[in-house]
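Read through the structure below, which is laid out as structure tokens, and then see the notes.
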Amino acid sequence: MDTATAEWTDPRAAGGTRRTGRRAAAWASGLLLATVSAVVGCRAADSDGITPVPQLLAFLPWLLAPTALGLLLALLARWRIGMVWGMVVLGTVVWYAEPYGRTSEPGGTPLAELRVMTSNVQFGRGTDSLIGAVRRQKPDILFVEECEHVCSRALRDAFGGSGGDYPYRQAVEGAGSDGSVIMSRFPLKAADGVRGTMGMPGAVADVRGHDVRLQLAHPMPPLPGQLGVWRRELGELRDYAAAGDGPTVVAGDFNASQDHAAFRRILDTGLRDGARLAGDPRTPSWPARTTPTLGAQIDHVLVSQDFSANAAVFPRITGTDHRALVVDLTLHRHR
């Protein structure tokens with residue numbers, strides 16, 4: 001007679017394995033939720049914190065993914081505190097993912113329409129692609145960051161001079177990331193630019209007989225060990241915005257998103273984000289390789305309350321890690 005052999009498992013061993021798995025899931029959940037909580041806590045405190053908080057704040061909406069994973073692990077671990085914690089953090093991230101800043105429309109008579117374009121060409125590497133994009137987009141005012149000597153000369157050759165599309169320009173000439181250029185169809189008057197590690201030229205444009213203050217923005221990025229410089233240069237841009245009177249456009253690579261306190265302080269002066277006014281408050285502009293799946297909107301066109309924004313697009317520029325930004329604006333008579 002055949003004898004059936006039955007395998008026997010100790011129920012205590014299986015229970016121990018399950019408990020070990022739940023503990024591991026709870027630890028992983030706690031680590032994820034603690035990391036996100038630290039970042040969101042700084043956002044709630046209106047602070048940019050210390051490294052790596054400023055770097056993570058740029059990607060705040062994408063923190064929904066690790067938060068959801070932490071909540072799922074808490075559920076699998078049957079960790080009640082973690083479940084409540086995860087729900088609170090998830091709701092807080094959703095709350096702060098809402099766009100920041102004013103969106104009221106100016107009520108004065110429309111005076112002029114203009115198209116503004118900004119592009120960081122990454123040490124000039126995206127210059128050739130930018131030239132093609134400018135010819136397609138036909139902006140009235142062009143802001144170019146990291147436009148070193150070769151880039152500056154190429155733009156002058158392509159568009160400058162008395163017979164060119166952009167006969168007026170203000171520039172800070174420099175190597176690498178130091179150079180920046182403003183080019184315009186409208187006449188420009190020289191103006192003191194904001195001082196910074198990298199070039200940030202300023203100008204005043206005559207737009208159909210109305211003076212418009214222009215300022216290119218390119219503060220230092222929030223690199224570890226450079227956060228003080230980053231905050232100070234964003235503060236300089238904030239002071240420029242607060243001190244001005246009349247129509248103003250500040251455009252460029254701010255190396256900051258609306259989730260950074262230093263950037264929100266610029267918006268608190270009364271400037272408004274053109275992309276948000278046009279309905280694109282969270283479209284990423286950097287890093288170009290992963291946008292729009294993953295990224296941060298750190299390239300902006302900020303405008304005073306004299307402007308409305310009608311449309312915004314983020315063209316791809318090959319050779320650079322930034323997408324360009326084009327915003328159609330209408331200048332209104334200030335009431």
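Residue numbering restarts at 1 for every chain of the structure tokens, chains are lettered A, B, ... in their displayed order, and ligands are numbered from 1 as they appear.
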
Next on the checklist: Just want the 7 Å neighbourhood of segment 112-115 of chain A, counted on only C-alpha atoms, with same-chain residues fewer than 5 positions away dropped. Output as a PyMOL selection string.
Outcome noted: chain A and resi 139-141+208+326-331

Please dump the current selection as a PDB file, in the first residue's frame; keep N, CA, C and O atoms.
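Result went into out-v4.pdb, see below:
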ATOM      1  N   PRO A 139       8.649  85.796 -31.310  1.00  0.00           N
ATOM      2  CA  PRO A 139       8.382  86.631 -30.135  1.00  0.00           C
ATOM      3  C   PRO A 139       8.743  88.084 -30.413  1.00  0.00           C
ATOM      4  O   PRO A 139       9.554  88.394 -31.305  1.00  0.00           O
ATOM      5  N   ASP A 140       8.151  88.979 -29.653  1.00  0.00           N
ATOM      6  CA  ASP A 140       8.513  90.393 -29.741  1.00  0.00           C
ATOM      7  C   ASP A 140       9.705  90.720 -28.857  1.00  0.00           C
ATOM      8  O   ASP A 140      10.508  91.594 -29.178  1.00  0.00           O
ATOM      9  N   ILE A 141       9.811  90.007 -27.723  1.00  0.00           N
ATOM     10  CA  ILE A 141      10.923  90.202 -26.801  1.00  0.00           C
ATOM     11  C   ILE A 141      11.466  88.826 -26.441  1.00  0.00           C
ATOM     12  O   ILE A 141      10.702  87.913 -26.106  1.00  0.00           O
ATOM     13  N   ARG A 208       4.749 100.414 -28.110  1.00  0.00           N
ATOM     14  CA  ARG A 208       3.680 101.254 -28.654  1.00  0.00           C
ATOM     15  C   ARG A 208       3.501 102.545 -27.847  1.00  0.00           C
ATOM     16  O   ARG A 208       2.398 102.978 -27.542  1.00  0.00           O
ATOM     17  N   VAL A 326       7.026  80.446 -24.014  1.00  0.00           N
ATOM     18  CA  VAL A 326       6.499  81.542 -24.822  1.00  0.00           C
ATOM     19  C   VAL A 326       5.135  81.916 -24.253  1.00  0.00           C
ATOM     20  O   VAL A 326       4.263  81.055 -24.107  1.00  0.00           O
ATOM     21  N   VAL A 327       4.965  83.199 -23.927  1.00  0.00           N
ATOM     22  CA  VAL A 327       3.703  83.662 -23.354  1.00  0.00           C
ATOM     23  C   VAL A 327       3.200  84.854 -24.169  1.00  0.00           C
ATOM     24  O   VAL A 327       3.956  85.800 -24.436  1.00  0.00           O
ATOM     25  N   ASP A 328       1.936  84.797 -24.566  1.00  0.00           N
ATOM     26  CA  ASP A 328       1.288  85.913 -25.261  1.00  0.00           C
ATOM     27  C   ASP A 328       0.632  86.820 -24.223  1.00  0.00           C
ATOM     28  O   ASP A 328      -0.214  86.368 -23.439  1.00  0.00           O
ATOM     29  N   LEU A 329       1.016  88.099 -24.236  1.00  0.00           N
ATOM     30  CA  LEU A 329       0.554  89.059 -23.243  1.00  0.00           C
ATOM     31  C   LEU A 329      -0.229  90.186 -23.896  1.00  0.00           C
ATOM     32  O   LEU A 329      -0.002  90.515 -25.068  1.00  0.00           O
ATOM     33  N   THR A 330      -1.122  90.776 -23.128  1.00  0.00           N
ATOM     34  CA  THR A 330      -1.806  91.994 -23.524  1.00  0.00           C
ATOM     35  C   THR A 330      -1.548  93.046 -22.456  1.00  0.00           C
ATOM     36  O   THR A 330      -1.798  92.792 -21.268  1.00  0.00           O
ATOM     37  N   LEU A 331      -1.034  94.183 -22.867  1.00  0.00           N
ATOM     38  CA  LEU A 331      -0.808  95.314 -21.958  1.00  0.00           C
ATOM     39  C   LEU A 331      -2.087  96.148 -21.875  1.00  0.00           C
ATOM     40  O   LEU A 331      -2.657  96.511 -22.905  1.00  0.00           O
TER      41      LEU A 331
END

Report the closest atom pair, with its distance in Å rounded to one decimal, for each residue of segment 75-123 of chain A that has an atom no farther than 10 Å from segment 26-44 of chain A; count only C-alpha atoms, sort by chain and then rising residue number, and write it as CSV.
residue,atom,partner,partner_atom,distance
A:Leu75,CA,A:Ala26,CA,8.8
A:Leu76,CA,A:Ala26,CA,8.3
A:Ala77,CA,A:Ala26,CA,5.6
A:Arg78,CA,A:Ala26,CA,8.2
A:Trp79,CA,A:Ala26,CA,6.6
A:Arg80,CA,A:Ala26,CA,9.9
A:Ile81,CA,A:Gly30,CA,9.7
A:Gly82,CA,A:Gly30,CA,6.9
A:Met83,CA,A:Ser29,CA,9.3
A:Trp85,CA,A:Leu33,CA,7.6
A:Gly86,CA,A:Leu33,CA,6.6
A:Val88,CA,A:Ser37,CA,9.5
A:Val89,CA,A:Ser37,CA,6.5
A:Leu90,CA,A:Leu33,CA,9.3
A:Thr92,CA,A:Val40,CA,7.4
A:Val93,CA,A:Val40,CA,6.8
A:Tyr96,CA,A:Arg43,CA,7.9

Let me see the file: selected residues, N, CA and C atoms, as an mmCIF file, in the first residue's frame.
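Heads up, here's the output in again23.cif:
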data_model
loop_
_atom_site.group_PDB
_atom_site.id
_atom_site.type_symbol
_atom_site.label_atom_id
_atom_site.label_comp_id
_atom_site.auth_asym_id
_atom_site.auth_seq_id
_atom_site.Cartn_x
_atom_site.Cartn_y
_atom_site.Cartn_z
ATOM 1 N N LEU A 75 -1.114 50.317 5.038
ATOM 2 C CA LEU A 75 -2.305 49.465 4.961
ATOM 3 C C LEU A 75 -1.925 47.991 4.993
ATOM 4 N N LEU A 76 -0.868 47.632 4.233
ATOM 5 C CA LEU A 76 -0.430 46.236 4.207
ATOM 6 C C LEU A 76 0.101 45.802 5.567
ATOM 7 N N ALA A 77 0.743 46.746 6.270
ATOM 8 C CA ALA A 77 1.296 46.435 7.589
ATOM 9 C C ALA A 77 0.241 46.501 8.687
ATOM 10 N N ARG A 78 -0.960 46.945 8.320
ATOM 11 C CA ARG A 78 -2.040 47.148 9.297
ATOM 12 C C ARG A 78 -1.585 48.085 10.423
ATOM 13 N N TRP A 79 -0.831 49.108 10.016
ATOM 14 C CA TRP A 79 -0.285 50.085 10.960
ATOM 15 C C TRP A 79 -1.221 51.285 10.993
ATOM 16 N N ARG A 80 -2.045 51.359 12.021
ATOM 17 C CA ARG A 80 -3.096 52.364 12.046
ATOM 18 C C ARG A 80 -2.541 53.785 12.098
ATOM 19 N N ILE A 81 -1.521 53.991 12.916
ATOM 20 C CA ILE A 81 -0.923 55.330 12.984
ATOM 21 C C ILE A 81 -0.398 55.736 11.604
ATOM 22 N N GLY A 82 0.244 54.792 10.919
ATOM 23 C CA GLY A 82 0.749 55.071 9.580
ATOM 24 C C GLY A 82 -0.355 55.389 8.588
ATOM 25 N N MET A 83 -1.497 54.711 8.738
ATOM 26 C CA MET A 83 -2.626 54.985 7.838
ATOM 27 C C MET A 83 -3.111 56.426 8.007
ATOM 28 N N TRP A 85 -1.433 58.919 9.383
ATOM 29 C CA TRP A 85 -0.321 59.779 8.976
ATOM 30 C C TRP A 85 -0.296 59.927 7.458
ATOM 31 N N GLY A 86 -0.418 58.794 6.767
ATOM 32 C CA GLY A 86 -0.386 58.826 5.308
ATOM 33 C C GLY A 86 -1.526 59.650 4.724
ATOM 34 N N VAL A 88 -3.089 62.160 6.150
ATOM 35 C CA VAL A 88 -2.831 63.578 6.428
ATOM 36 C C VAL A 88 -1.785 64.140 5.468
ATOM 37 N N VAL A 89 -0.699 63.405 5.274
ATOM 38 C CA VAL A 89 0.361 63.869 4.375
ATOM 39 C C VAL A 89 -0.153 63.948 2.946
ATOM 40 N N LEU A 90 -0.922 62.955 2.524
ATOM 41 C CA LEU A 90 -1.463 62.953 1.167
ATOM 42 C C LEU A 90 -2.346 64.180 0.944
ATOM 43 N N THR A 92 -2.219 66.985 2.535
ATOM 44 C CA THR A 92 -1.402 68.205 2.578
ATOM 45 C C THR A 92 -0.667 68.433 1.264
ATOM 46 N N VAL A 93 -0.125 67.361 0.681
ATOM 47 C CA VAL A 93 0.560 67.502 -0.615
ATOM 48 C C VAL A 93 -0.425 67.970 -1.683
ATOM 49 N N TYR A 96 -1.085 71.725 -1.227
ATOM 50 C CA TYR A 96 -0.011 72.613 -1.669
ATOM 51 C C TYR A 96 0.323 72.458 -3.152
#

Item to check | Nearest residue to Pro292 of chain A from the set A:Pro247, A:Pro315, A:Gly126, A:Pro66 (distances using only C-alpha atoms) | outcome: A:Pro315

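With only C-alpha atoms as the atoms that count, the residue of A:Pro52, A:Pro110, A:Gly164, A:Gly91 with the shortest distance to Leu64 of chain A is A:Gly91.
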
Next on the checklist: Considering only C-alpha atoms, can you say which of A:Leu216, A:Ala256, A:Ala311, A:Leu325 comes closest to Gln55 of chain A?
Outcome noted: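 Once distances to Gln55 of chain A are computed over only C-alpha atoms, the minimum belongs to A:Ala256.
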
Item to check | Nearest to Ile317 of chain A by atom-to-atom distance, counting only C-alpha atoms, from A:Ser47, A:Asn120, A:Thr67, A:Thr283 | outcome: A:Asn120

Checklist entry - Hey, what's within 10 Å of Leu227 of chain A if we count only C-alpha atoms and toss same-chain stuff fewer than 6 positions away? As a PyMOL selection string, please? => result chain A and resi 48-51+54+220-221+233

Checklist entry - So which bits of segment 210-308 of chain A end up alpha helix (DSSP H) when you DSSP the backbone, as a ChimeraX atom specification? => result /A:227-243,261-267,274-277

Any chance you could tabulate, as a Markdown table, the residues of segment 97-167 of chain A at most 12 Å from segment 299-310 of chain A with each one's nearest atom pair and distance in Å to one decimal, using only C-alpha atoms, in chain and rising number order?
| residue | atom | partner | partner_atom | distance |
| --- | --- | --- | --- | --- |
| A:Gly101 | CA | A:Leu302 | CA | 10.9 |
| A:Arg102 | CA | A:Gln305 | CA | 9.3 |
| A:Thr103 | CA | A:Ser308 | CA | 9.1 |
| A:Ser104 | CA | A:Gln305 | CA | 8.1 |
| A:Glu105 | CA | A:Ser308 | CA | 6.1 |
| A:Pro106 | CA | A:Asp306 | CA | 6.0 |
| A:Gly107 | CA | A:Asp306 | CA | 8.8 |
| A:Gly108 | CA | A:Asp306 | CA | 8.1 |
| A:Thr109 | CA | A:Asp306 | CA | 10.1 |
| A:Pro110 | CA | A:Phe307 | CA | 8.9 |
| A:Leu111 | CA | A:Phe307 | CA | 9.9 |
| A:Ala112 | CA | A:Phe307 | CA | 9.7 |
| A:Glu113 | CA | A:Phe307 | CA | 9.4 |
| A:Leu114 | CA | A:Ala309 | CA | 9.8 |
| A:Arg115 | CA | A:Ala309 | CA | 9.6 |
| A:Val116 | CA | A:Val301 | CA | 7.8 |
| A:Met117 | CA | A:Val301 | CA | 8.1 |
| A:Thr118 | CA | A:Val301 | CA | 7.6 |
| A:Ser119 | CA | A:Asp299 | CA | 7.9 |
| A:Asn120 | CA | A:Asp299 | CA | 8.4 |
| A:Val121 | CA | A:Asp299 | CA | 12.0 |
| A:Ile141 | CA | A:Val301 | CA | 11.4 |
| A:Leu142 | CA | A:Val301 | CA | 11.0 |
| A:Phe143 | CA | A:Val301 | CA | 9.8 |
| A:Val144 | CA | A:Asp299 | CA | 11.2 |
| A:Glu145 | CA | A:Asp299 | CA | 10.4 |

Item to check | Long-range neighbours of Ile298 of chain A as a list in words, 9 Å cut-off, only C-alpha atoms, 2 positions minimum in chain | outcome: Ala58, Gly252, Asp253, Phe254, Asn255, Ala256, Ser257, Gln258, Pro284, Ser285, Trp286, Ala296 and His300 of chain A

Next on the checklist: Set the distance at 8 Å and use only C-alpha atoms: which residues neighbour Tyr166 of chain A once local chain neighbours fewer than 3 positions away are removed? I'd like the list as a list in words.
Outcome noted: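 Counting only the stated atoms, we get Phe159, Gly160, Gly161, Arg169, Met183, Ser184, Arg185 and Phe186 of chain A.
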
Next on the checklist: Report, in Å with one decimal, the straight-line distance from atom CA of Gly225 of chain A to atom CA of Thr291 of chain A.
Outcome noted: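 Separation between atom CA of Gly225 of chain A and atom CA of Thr291 of chain A: 27.0 Å.
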
Checklist entry - Within 6 Å of Val172 of chain A, counting only C-alpha atoms, which residues qualify if same-chain residues fewer than 4 places away don't, as a PyMOL selection string? => result chain A and resi 179-180+199+201

Output of the above residues as a short mmCIF file (atom, residue, chain, number, x, y, z; two decimals), in the first residue's frame, restricted to N, CA and C atoms:
data_model
loop_
_atom_site.label_atom_id
_atom_site.label_comp_id
_atom_site.auth_asym_id
_atom_site.auth_seq_id
_atom_site.Cartn_x
_atom_site.Cartn_y
_atom_site.Cartn_z
N GLY A 179 26.81 84.59 -19.45
CA GLY A 179 26.25 85.50 -20.43
C GLY A 179 24.74 85.39 -20.54
N SER A 180 24.08 86.54 -20.76
CA SER A 180 22.63 86.57 -20.97
C SER A 180 22.29 87.73 -21.88
N GLY A 199 24.94 86.65 -15.38
CA GLY A 199 24.45 87.91 -15.94
C GLY A 199 22.93 88.02 -15.94
N PRO A 201 20.79 91.07 -17.28
CA PRO A 201 20.60 92.42 -17.81
C PRO A 201 19.18 92.94 -17.62
#

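Residues within 9 Å of Ala133 of chain A, counting only C-alpha atoms and excluding same-chain residues fewer than 3 positions away, are Asp128, Ser129, Leu130, Arg136, Gln137, Lys138, Pro315, Arg316 and Ile317 of chain A.
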
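One distance worth recording is that between atom CA of His149 of chain A and atom CA of Ala171 of chain A, which is 10.6 Å.
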
Checklist entry - atom CA of Asp321 of chain A and atom CA of Pro287 of chain A are how many Å apart? => result 5.2 Å

Checklist entry - Would you give me, as a VMD selection string, the residues in segment 31-255 of chain A that DSSP reads as strand (DSSP E or B)? => result chain A and resid 110 to 120 141 to 145 168 to 172 180 to 184 188 to 191 202 to 207 210 to 217 248 to 253
